[in-house]
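Pasted below: run24.cif, mmCIF, C-alpha atoms.
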data_final
loop_
_atom_site.group_PDB
_atom_site.id
_atom_site.type_symbol
_atom_site.label_atom_id
_atom_site.label_comp_id
_atom_site.auth_asym_id
_atom_site.auth_seq_id
_atom_site.Cartn_x
_atom_site.Cartn_y
_atom_site.Cartn_z
ATOM 1 C CA MET Z 1 -18.498 -17.843 -1.914
ATOM 2 C CA LYS Z 2 -14.861 -18.653 -2.721
ATOM 3 C CA LYS Z 3 -13.649 -18.499 -6.318
ATOM 4 C CA ASP Z 4 -13.038 -21.749 -8.182
ATOM 5 C CA TRP Z 5 -9.253 -21.479 -8.171
ATOM 6 C CA LYS Z 6 -8.766 -23.846 -11.132
ATOM 7 C CA SER Z 7 -10.774 -21.611 -13.443
ATOM 8 C CA PHE Z 8 -9.575 -18.325 -11.899
ATOM 9 C CA LEU Z 9 -5.806 -18.670 -11.411
ATOM 10 C CA ASP Z 10 -3.220 -18.879 -14.193
ATOM 11 C CA PRO Z 11 -2.604 -22.622 -14.807
ATOM 12 C CA ARG Z 12 1.168 -22.066 -14.713
ATOM 13 C CA PHE Z 13 0.937 -21.942 -10.924
ATOM 14 C CA GLN Z 14 0.464 -25.718 -11.169
ATOM 15 C CA ARG Z 15 3.862 -26.137 -12.846
ATOM 16 C CA GLY Z 16 5.857 -25.219 -9.745
ATOM 17 C CA ILE Z 17 6.552 -21.906 -8.005
ATOM 18 C CA ALA Z 18 10.222 -20.912 -7.770
ATOM 19 C CA HIS Z 19 10.937 -19.974 -4.154
ATOM 20 C CA ARG Z 20 12.391 -16.428 -3.957
ATOM 21 C CA GLY Z 21 13.005 -16.609 -7.688
ATOM 22 C CA LEU Z 22 14.924 -19.210 -9.671
ATOM 23 C CA HIS Z 23 18.140 -18.691 -7.715
ATOM 24 C CA ASP Z 24 21.337 -20.734 -7.741
ATOM 25 C CA GLU Z 25 25.050 -20.444 -6.954
ATOM 26 C CA THR Z 26 25.420 -17.261 -9.018
ATOM 27 C CA ARG Z 27 21.974 -15.691 -8.631
ATOM 28 C CA THR Z 28 21.001 -14.768 -5.087
ATOM 29 C CA GLU Z 29 17.493 -15.241 -3.672
ATOM 30 C CA ASN Z 30 14.999 -12.417 -4.188
ATOM 31 C CA GLY Z 31 17.306 -10.680 -6.662
ATOM 32 C CA LEU Z 32 16.415 -9.424 -10.133
ATOM 33 C CA GLU Z 33 18.690 -12.023 -11.757
ATOM 34 C CA ALA Z 34 16.836 -14.850 -9.994
ATOM 35 C CA PHE Z 35 13.522 -13.395 -11.157
ATOM 36 C CA ARG Z 36 14.846 -12.888 -14.671
ATOM 37 C CA ASN Z 37 15.889 -16.558 -14.701
ATOM 38 C CA ALA Z 38 12.383 -17.653 -13.670
ATOM 39 C CA ILE Z 39 10.818 -15.508 -16.388
ATOM 40 C CA ALA Z 40 13.209 -16.961 -18.985
ATOM 41 C CA HIS Z 41 12.018 -20.450 -18.012
ATOM 42 C CA ASP Z 42 8.342 -19.362 -17.958
ATOM 43 C CA LYS Z 43 8.102 -20.248 -14.263
ATOM 44 C CA ALA Z 44 5.916 -18.665 -11.617
ATOM 45 C CA PHE Z 45 8.022 -17.240 -8.805
ATOM 46 C CA GLU Z 46 7.555 -16.222 -5.192
ATOM 47 C CA PHE Z 47 9.040 -13.228 -3.422
ATOM 48 C CA ASP Z 48 8.749 -11.308 -0.149
ATOM 49 C CA ILE Z 49 8.036 -7.637 0.484
ATOM 50 C CA HIS Z 50 8.763 -5.322 3.409
ATOM 51 C CA LEU Z 51 7.894 -1.674 4.009
ATOM 52 C CA THR Z 52 10.822 0.704 4.537
ATOM 53 C CA LYS Z 53 11.005 3.533 7.065
ATOM 54 C CA ASP Z 54 9.875 5.994 4.392
ATOM 55 C CA GLY Z 55 6.971 3.834 3.186
ATOM 56 C CA GLN Z 56 8.540 2.151 0.161
ATOM 57 C CA LEU Z 57 8.047 -1.526 -0.708
ATOM 58 C CA VAL Z 58 11.222 -3.551 -1.125
ATOM 59 C CA VAL Z 59 11.763 -7.187 -2.043
ATOM 60 C CA ILE Z 60 13.769 -9.108 0.534
ATOM 61 C CA HIS Z 61 13.067 -12.081 2.790
ATOM 62 C CA ASP Z 62 14.479 -11.171 6.197
ATOM 63 C CA ALA Z 63 13.731 -8.045 8.190
ATOM 64 C CA GLU Z 64 17.263 -8.416 9.535
ATOM 65 C CA LEU Z 65 19.674 -7.616 6.705
ATOM 66 C CA LYS Z 66 22.743 -9.552 7.863
ATOM 67 C CA ARG Z 67 22.056 -12.953 6.267
ATOM 68 C CA VAL Z 68 21.223 -11.637 2.809
ATOM 69 C CA THR Z 69 23.602 -8.665 2.623
ATOM 70 C CA GLY Z 70 26.369 -9.448 5.129
ATOM 71 C CA LYS Z 71 25.711 -6.160 6.931
ATOM 72 C CA GLU Z 72 23.696 -5.423 10.076
ATOM 73 C CA GLY Z 73 20.427 -3.523 9.896
ATOM 74 C CA ILE Z 74 16.625 -3.796 9.927
ATOM 75 C CA VAL Z 75 14.712 -3.119 6.712
ATOM 76 C CA GLU Z 76 11.896 -1.258 8.455
ATOM 77 C CA GLU Z 77 14.395 1.065 10.160
ATOM 78 C CA LYS Z 78 16.039 2.125 6.877
ATOM 79 C CA THR Z 79 14.906 4.423 4.104
ATOM 80 C CA LEU Z 80 14.910 3.193 0.531
ATOM 81 C CA ALA Z 81 17.876 5.474 -0.220
ATOM 82 C CA GLU Z 82 19.849 3.944 2.657
ATOM 83 C CA LEU Z 83 19.109 0.413 1.458
ATOM 84 C CA LYS Z 84 20.091 1.260 -2.106
ATOM 85 C CA THR Z 85 23.270 3.115 -1.085
ATOM 86 C CA ASP Z 86 24.595 1.149 1.881
ATOM 87 C CA TYR Z 87 23.564 -2.451 1.187
ATOM 88 C CA ARG Z 88 24.015 -5.063 -1.531
ATOM 89 C CA LEU Z 89 22.712 -8.589 -1.940
ATOM 90 C CA LEU Z 90 25.327 -11.327 -1.790
ATOM 91 C CA ASP Z 91 25.794 -11.405 -5.580
ATOM 92 C CA GLY Z 92 26.347 -7.632 -5.639
ATOM 93 C CA GLU Z 93 22.868 -6.642 -6.790
ATOM 94 C CA GLU Z 94 20.891 -3.834 -5.217
ATOM 95 C CA ILE Z 95 17.923 -4.771 -3.051
ATOM 96 C CA PRO Z 96 15.065 -4.469 -5.548
ATOM 97 C CA THR Z 97 11.872 -2.529 -5.027
ATOM 98 C CA LEU Z 98 8.473 -4.042 -5.713
ATOM 99 C CA GLU Z 99 8.151 -1.623 -8.622
ATOM 100 C CA GLU Z 100 11.399 -2.912 -10.152
ATOM 101 C CA VAL Z 101 10.242 -6.514 -9.910
ATOM 102 C CA LEU Z 102 6.829 -5.744 -11.397
ATOM 103 C CA SER Z 103 8.443 -3.791 -14.233
ATOM 104 C CA LEU Z 104 10.879 -6.634 -14.932
ATOM 105 C CA ASN Z 105 8.128 -9.233 -15.048
ATOM 106 C CA ASP Z 106 5.559 -7.030 -16.813
ATOM 107 C CA GLY Z 107 2.915 -9.698 -16.275
ATOM 108 C CA ARG Z 108 4.817 -12.360 -18.192
ATOM 109 C CA VAL Z 109 4.666 -15.052 -15.498
ATOM 110 C CA PRO Z 110 2.497 -15.534 -12.406
ATOM 111 C CA VAL Z 111 3.818 -14.402 -9.030
ATOM 112 C CA VAL Z 112 3.288 -15.231 -5.368
ATOM 113 C CA ILE Z 113 3.844 -12.245 -3.075
ATOM 114 C CA GLU Z 114 4.454 -12.716 0.626
ATOM 115 C CA LEU Z 115 3.581 -9.866 2.973
ATOM 116 C CA LYS Z 116 6.353 -9.856 5.573
ATOM 117 C CA ALA Z 117 4.851 -8.256 8.641
ATOM 118 C CA HIS Z 118 7.341 -6.714 11.061
ATOM 119 C CA GLY Z 119 6.449 -4.753 14.155
ATOM 120 C CA SER Z 120 3.151 -3.420 15.419
ATOM 121 C CA ASN Z 121 -0.384 -3.945 14.178
ATOM 122 C CA ARG Z 122 -0.162 -0.428 12.722
ATOM 123 C CA ALA Z 123 2.947 -1.383 10.711
ATOM 124 C CA ILE Z 124 1.245 -4.503 9.385
ATOM 125 C CA LYS Z 125 -1.731 -2.444 8.229
ATOM 126 C CA ALA Z 126 0.543 0.073 6.497
ATOM 127 C CA LEU Z 127 2.394 -2.728 4.679
ATOM 128 C CA SER Z 128 -0.793 -4.402 3.479
ATOM 129 C CA ARG Z 129 -2.454 -1.192 2.331
ATOM 130 C CA ALA Z 130 0.697 -0.082 0.484
ATOM 131 C CA ALA Z 131 0.954 -3.468 -1.243
ATOM 132 C CA ARG Z 132 -2.688 -3.389 -2.305
ATOM 133 C CA ALA Z 133 -2.310 0.126 -3.721
ATOM 134 C CA ALA Z 134 0.812 -0.904 -5.644
ATOM 135 C CA LEU Z 135 -0.762 -4.023 -7.155
ATOM 136 C CA GLN Z 136 -4.294 -2.976 -8.012
ATOM 137 C CA GLY Z 137 -4.607 -1.916 -11.621
ATOM 138 C CA ARG Z 138 -1.024 -3.040 -12.238
ATOM 139 C CA VAL Z 139 -1.142 -6.813 -11.752
ATOM 140 C CA ASP Z 140 -3.752 -9.176 -13.176
ATOM 141 C CA PRO Z 141 -5.367 -10.873 -10.133
ATOM 142 C CA ARG Z 142 -5.387 -14.162 -12.048
ATOM 143 C CA LYS Z 143 -1.590 -14.024 -12.130
ATOM 144 C CA ALA Z 144 -0.955 -13.298 -8.454
ATOM 145 C CA ILE Z 145 -1.421 -14.995 -5.093
ATOM 146 C CA ILE Z 146 -0.971 -12.920 -1.928
ATOM 147 C CA ILE Z 147 0.333 -14.885 1.075
ATOM 148 C CA SER Z 148 1.253 -14.212 4.691
ATOM 149 C CA PHE Z 149 1.824 -16.048 7.964
ATOM 150 C CA ASP Z 150 0.034 -13.177 9.664
ATOM 151 C CA PRO Z 151 -3.734 -13.382 9.041
ATOM 152 C CA ARG Z 152 -4.033 -9.692 9.931
ATOM 153 C CA ALA Z 153 -1.884 -8.802 6.923
ATOM 154 C CA LEU Z 154 -4.288 -10.625 4.598
ATOM 155 C CA LEU Z 155 -7.333 -9.115 6.272
ATOM 156 C CA PHE Z 156 -5.880 -5.616 5.946
ATOM 157 C CA PHE Z 157 -5.053 -6.326 2.273
ATOM 158 C CA GLY Z 158 -8.734 -7.123 1.840
ATOM 159 C CA SER Z 159 -10.809 -9.793 0.135
ATOM 160 C CA LYS Z 160 -12.529 -7.093 -1.962
ATOM 161 C CA SER Z 161 -9.220 -6.413 -3.711
ATOM 162 C CA GLY Z 162 -10.005 -9.242 -6.136
ATOM 163 C CA PHE Z 163 -6.704 -10.999 -5.408
ATOM 164 C CA HIS Z 164 -6.410 -14.594 -4.220
ATOM 165 C CA LEU Z 165 -5.414 -14.550 -0.524
ATOM 166 C CA SER Z 166 -3.618 -17.567 0.924
ATOM 167 C CA LEU Z 167 -2.791 -18.203 4.587
ATOM 168 C CA LEU Z 168 0.712 -19.489 5.278
ATOM 169 C CA VAL Z 169 0.776 -22.048 8.095
ATOM 170 C CA CYS Z 170 3.894 -23.454 9.747
ATOM 171 C CA LEU Z 171 4.060 -26.454 12.082
ATOM 172 C CA GLU Z 172 4.986 -24.252 15.042
ATOM 173 C CA LYS Z 173 1.769 -22.232 14.615
ATOM 174 C CA LYS Z 174 -0.513 -25.028 13.510
ATOM 175 C CA TRP Z 175 -3.360 -23.370 15.412
ATOM 176 C CA THR Z 176 -3.780 -20.912 12.530
ATOM 177 C CA LEU Z 177 -5.295 -23.773 10.518
ATOM 178 C CA GLY Z 178 -8.419 -22.847 12.448
ATOM 179 C CA LEU Z 179 -8.611 -19.686 10.318
ATOM 180 C CA ARG Z 180 -8.502 -21.589 7.018
ATOM 181 C CA ASN Z 181 -12.029 -20.717 5.915
ATOM 182 C CA PHE Z 182 -11.454 -16.965 6.148
ATOM 183 C CA PHE Z 183 -9.147 -17.038 3.116
ATOM 184 C CA ASP Z 184 -9.051 -18.423 -0.426
ATOM 185 C CA SER Z 185 -6.478 -21.159 0.170
ATOM 186 C CA LEU Z 186 -3.761 -22.582 2.407
ATOM 187 C CA ASP Z 187 0.014 -22.464 1.896
ATOM 188 C CA LEU Z 188 1.437 -25.145 4.164
ATOM 189 C CA ASP Z 189 4.622 -26.409 5.700
ATOM 190 C CA GLN Z 190 4.951 -29.819 4.025
ATOM 191 C CA ARG Z 191 4.814 -31.501 7.456
ATOM 192 C CA LEU Z 192 1.151 -30.478 7.731
ATOM 193 C CA LEU Z 193 -0.059 -32.120 4.522
ATOM 194 C CA LEU Z 194 -1.235 -35.277 6.273
ATOM 195 C CA ASP Z 195 -3.268 -33.414 8.883
ATOM 196 C CA LYS Z 196 -6.906 -34.555 8.814
ATOM 197 C CA LYS Z 197 -8.124 -30.946 8.612
ATOM 198 C CA VAL Z 198 -6.048 -30.480 5.452
ATOM 199 C CA PHE Z 199 -7.405 -33.695 3.930
ATOM 200 C CA ALA Z 200 -10.964 -32.490 4.554
ATOM 201 C CA TYR Z 201 -10.147 -29.042 3.172
ATOM 202 C CA ARG Z 202 -8.825 -30.450 -0.115
ATOM 203 C CA LYS Z 203 -11.729 -32.899 -0.366
ATOM 204 C CA LYS Z 204 -14.007 -29.857 -0.611
ATOM 205 C CA GLY Z 205 -12.028 -28.668 -3.646
ATOM 206 C CA ARG Z 206 -10.069 -26.032 -1.748
ATOM 207 C CA LEU Z 207 -6.528 -25.172 -2.877
ATOM 208 C CA VAL Z 208 -3.399 -26.211 -0.975
ATOM 209 C CA ASN Z 209 0.149 -25.162 -1.782
ATOM 210 C CA THR Z 210 3.146 -26.560 0.083
ATOM 211 C CA TRP Z 211 6.699 -25.360 0.746
ATOM 212 C CA THR Z 212 9.626 -25.657 0.397
ATOM 213 C CA ILE Z 213 10.412 -28.764 -1.691
ATOM 214 C CA ARG Z 214 14.102 -29.262 -2.464
ATOM 215 C CA SER Z 215 14.385 -32.520 -4.419
ATOM 216 C CA LEU Z 216 12.561 -34.662 -6.975
ATOM 217 C CA GLU Z 217 12.259 -37.401 -4.372
ATOM 218 C CA ALA Z 218 10.489 -35.048 -1.965
ATOM 219 C CA LEU Z 219 8.266 -33.811 -4.791
ATOM 220 C CA ARG Z 220 7.156 -37.341 -5.637
ATOM 221 C CA SER Z 221 6.353 -38.110 -2.015
ATOM 222 C CA ILE Z 222 4.135 -35.067 -1.432
ATOM 223 C CA SER Z 223 2.486 -34.741 -4.864
ATOM 224 C CA PRO Z 224 -0.653 -36.750 -3.979
ATOM 225 C CA TYR Z 225 -1.385 -34.440 -1.054
ATOM 226 C CA THR Z 226 -1.056 -30.958 -2.542
ATOM 227 C CA ASP Z 227 -2.224 -28.925 -5.522
ATOM 228 C CA LEU Z 228 0.679 -26.481 -5.917
ATOM 229 C CA VAL Z 229 4.339 -26.718 -4.922
ATOM 230 C CA THR Z 230 6.890 -24.068 -3.997
ATOM 231 C CA TYR Z 231 10.374 -25.408 -4.714
ATOM 232 C CA GLU Z 232 14.064 -24.537 -4.906
ATOM 233 C CA ASN Z 233 17.474 -26.049 -5.729
ATOM 234 C CA PHE Z 234 16.336 -28.529 -8.395
ATOM 235 C CA VAL Z 235 14.824 -28.514 -11.867
ATOM 236 C CA TYR Z 236 11.053 -28.787 -11.596
ATOM 237 C CA PRO Z 237 9.697 -31.290 -14.146
ATOM 238 C CA GLU Z 238 7.588 -29.972 -17.005
#
Reformat the file's structure so that it appears as structure tokens.
Amino acid sequence: MKKDWKSFLDPRFQRGIAHRGLHDETRTENGLEAFRNAIAHDKAFEFDIHLTKDGQLVVIHDAELKRVTGKEGIVEEKTLAELKTDYRLLDGEEIPTLEEVLSLNDGRVPVVIELKAHGSNRAIKALSRAARAALQGRVDPRKAIIISFDPRALLFFGSKSGFHLSLLVCLEKKWTLGLRNFFDSLDLDQRLLLDKKVFAYRKKGRLVNTWTIRSLEALRSISPYTDLVTYENFVYPE
């Protein structure tokens, strides 16, 4: 039986989830300054984790490093020392580790953590198991949602972990909606909110989050069809 998310999860999730931190022109996405800004505004924030070559968890969106650092490379092919020494985020910050982000937050605001699977089934399993080990006993399950586009990542993380597991679904892989009942909730591309399967899912009291909303106008238009919202580039109303 699935948990009643409204009584289980921190209610601040319902006040907007800052996509890759509360970033702006001076604070880059998935950087400690963006996370610090979200914490200062008492906002839940989302971030992405990858597993390095030497088995360390780092916070960054892309496996390919070029877009977010300006320098070529693949996260999974680098050690943590190489990432810390040879790469910088676009605002000059180091690429943070999961440990650094957890220490910065110290449980003050809720978080959404995306498992970014890259490579083989074996690599996905290693990522998920490492993430579970890092979070259990450290993060209150009521203050965290674990998400992934790859259902295997969530299955490897494990429902017995006590954490809320949410399946990310994009329009291009709409077929994964068929797996919706294996997990605690859905995290949807906003273009899927009007799908009849999603309507039926919410009618049963199941949780739906949507991404990524970038204006107040867009927020108003989708609000009747979703429970939570992941947003960026505007001030989310209180």
7 Å contact set for stretch 15-20 of chain Z, only C-alpha atoms, chain neighbours under 6 positions out, as a PyMOL selection string | chain Z and resi 29-30+43-47+228-232+236+238
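Picture a line from atom CA of Z:Val58 to atom CA of Z:Glu77; it runs 12.6 Å.
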Hey, what comes out of the PyMOL selection byres ((chain Z and resi 192-203) around 8) on this file? Could you write it as a list in words?
-> Cys170, Leu171, Leu177, Leu188, Asp189, Gln190, Arg191, Lys204, Gly205, Arg206, Leu207, Val208, Thr210, Ile222, Tyr225 and Thr226 of chain Z
Find the residues near stretch 116-131 of chain Z: any atom within 8 Å, counting all atoms listed in the file, skip ones fewer than 4 places away on the same chain, and give them as number ranges by chain.
-> Z: 48-51, 55, 57, 61, 63, 76, 135, 148, 150, 152-154, 156-157
Name the residues captured by the PyMOL selection byres ((chain Z and resi 88) around 12) when it is applied to the shown file; answer as a ChimeraX atom specification.
-> /Z:28,30-31,60,65-72,82-87,89-96
Counting all atoms listed in the file, which of Z:Glu25, Z:Phe13, Z:Val101, Z:Pro151 gets nearest to Z:Val59?
->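 Counting all atoms listed in the file, the residue closest to Z:Val59 is Z:Val101.
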Have a look at Z:Thr52, Z:Ala38, Z:Lys3, Z:Thr97 and name the one nearest to Z:Lys78; count only C-alpha atoms.
-> Z:Thr52
List the residues matched by the PyMOL selection byres ((chain Z and resi 140) around 10) in the displayed structure as a ChimeraX atom specification, ordered by chain and then by residue number.
-> /Z:9-10,107,110,135-139,141-144,162-163
Residues from the last selection, C-alpha atoms, saved as an mmCIF file, in the coordinates of the input:
data_model
loop_
_atom_site.group_PDB
_atom_site.id
_atom_site.type_symbol
_atom_site.label_atom_id
_atom_site.label_comp_id
_atom_site.auth_asym_id
_atom_site.auth_seq_id
_atom_site.Cartn_x
_atom_site.Cartn_y
_atom_site.Cartn_z
ATOM 1 C CA LEU Z 9 -5.806 -18.670 -11.411
ATOM 2 C CA ASP Z 10 -3.220 -18.879 -14.193
ATOM 3 C CA GLY Z 107 2.915 -9.698 -16.275
ATOM 4 C CA PRO Z 110 2.497 -15.534 -12.406
ATOM 5 C CA LEU Z 135 -0.762 -4.023 -7.155
ATOM 6 C CA GLN Z 136 -4.294 -2.976 -8.012
ATOM 7 C CA GLY Z 137 -4.607 -1.916 -11.621
ATOM 8 C CA ARG Z 138 -1.024 -3.040 -12.238
ATOM 9 C CA VAL Z 139 -1.142 -6.813 -11.752
ATOM 10 C CA PRO Z 141 -5.367 -10.873 -10.133
ATOM 11 C CA ARG Z 142 -5.387 -14.162 -12.048
ATOM 12 C CA LYS Z 143 -1.590 -14.024 -12.130
ATOM 13 C CA ALA Z 144 -0.955 -13.298 -8.454
ATOM 14 C CA GLY Z 162 -10.005 -9.242 -6.136
ATOM 15 C CA PHE Z 163 -6.704 -10.999 -5.408
#
In Å, how far is it from atom CA of Z:Pro11 to atom CA of Z:Arg27?
-> 26.3 Å
Counting all atoms listed in the file, write as a PDB file with C-alpha atoms, keeping the file's coordinate frame all protein and nucleic acid residues lying at most 9 Å from (-2.7, -21.0, 8.4) in the file's frame.
ATOM      1  CA  SER Z 148       1.253 -14.212   4.691  1.00  0.00           C
ATOM      2  CA  PHE Z 149       1.824 -16.048   7.964  1.00  0.00           C
ATOM      3  CA  ASP Z 150       0.034 -13.177   9.664  1.00  0.00           C
ATOM      4  CA  PRO Z 151      -3.734 -13.382   9.041  1.00  0.00           C
ATOM      5  CA  SER Z 166      -3.618 -17.567   0.924  1.00  0.00           C
ATOM      6  CA  LEU Z 167      -2.791 -18.203   4.587  1.00  0.00           C
ATOM      7  CA  LEU Z 168       0.712 -19.489   5.278  1.00  0.00           C
ATOM      8  CA  VAL Z 169       0.776 -22.048   8.095  1.00  0.00           C
ATOM      9  CA  CYS Z 170       3.894 -23.454   9.747  1.00  0.00           C
ATOM     10  CA  LYS Z 173       1.769 -22.232  14.615  1.00  0.00           C
ATOM     11  CA  LYS Z 174      -0.513 -25.028  13.510  1.00  0.00           C
ATOM     12  CA  TRP Z 175      -3.360 -23.370  15.412  1.00  0.00           C
ATOM     13  CA  THR Z 176      -3.780 -20.912  12.530  1.00  0.00           C
ATOM     14  CA  LEU Z 177      -5.295 -23.773  10.518  1.00  0.00           C
ATOM     15  CA  GLY Z 178      -8.419 -22.847  12.448  1.00  0.00           C
ATOM     16  CA  LEU Z 179      -8.611 -19.686  10.318  1.00  0.00           C
ATOM     17  CA  ARG Z 180      -8.502 -21.589   7.018  1.00  0.00           C
ATOM     18  CA  LEU Z 186      -3.761 -22.582   2.407  1.00  0.00           C
ATOM     19  CA  ASP Z 187       0.014 -22.464   1.896  1.00  0.00           C
ATOM     20  CA  LEU Z 188       1.437 -25.145   4.164  1.00  0.00           C
TER      21      LEU Z 188
END
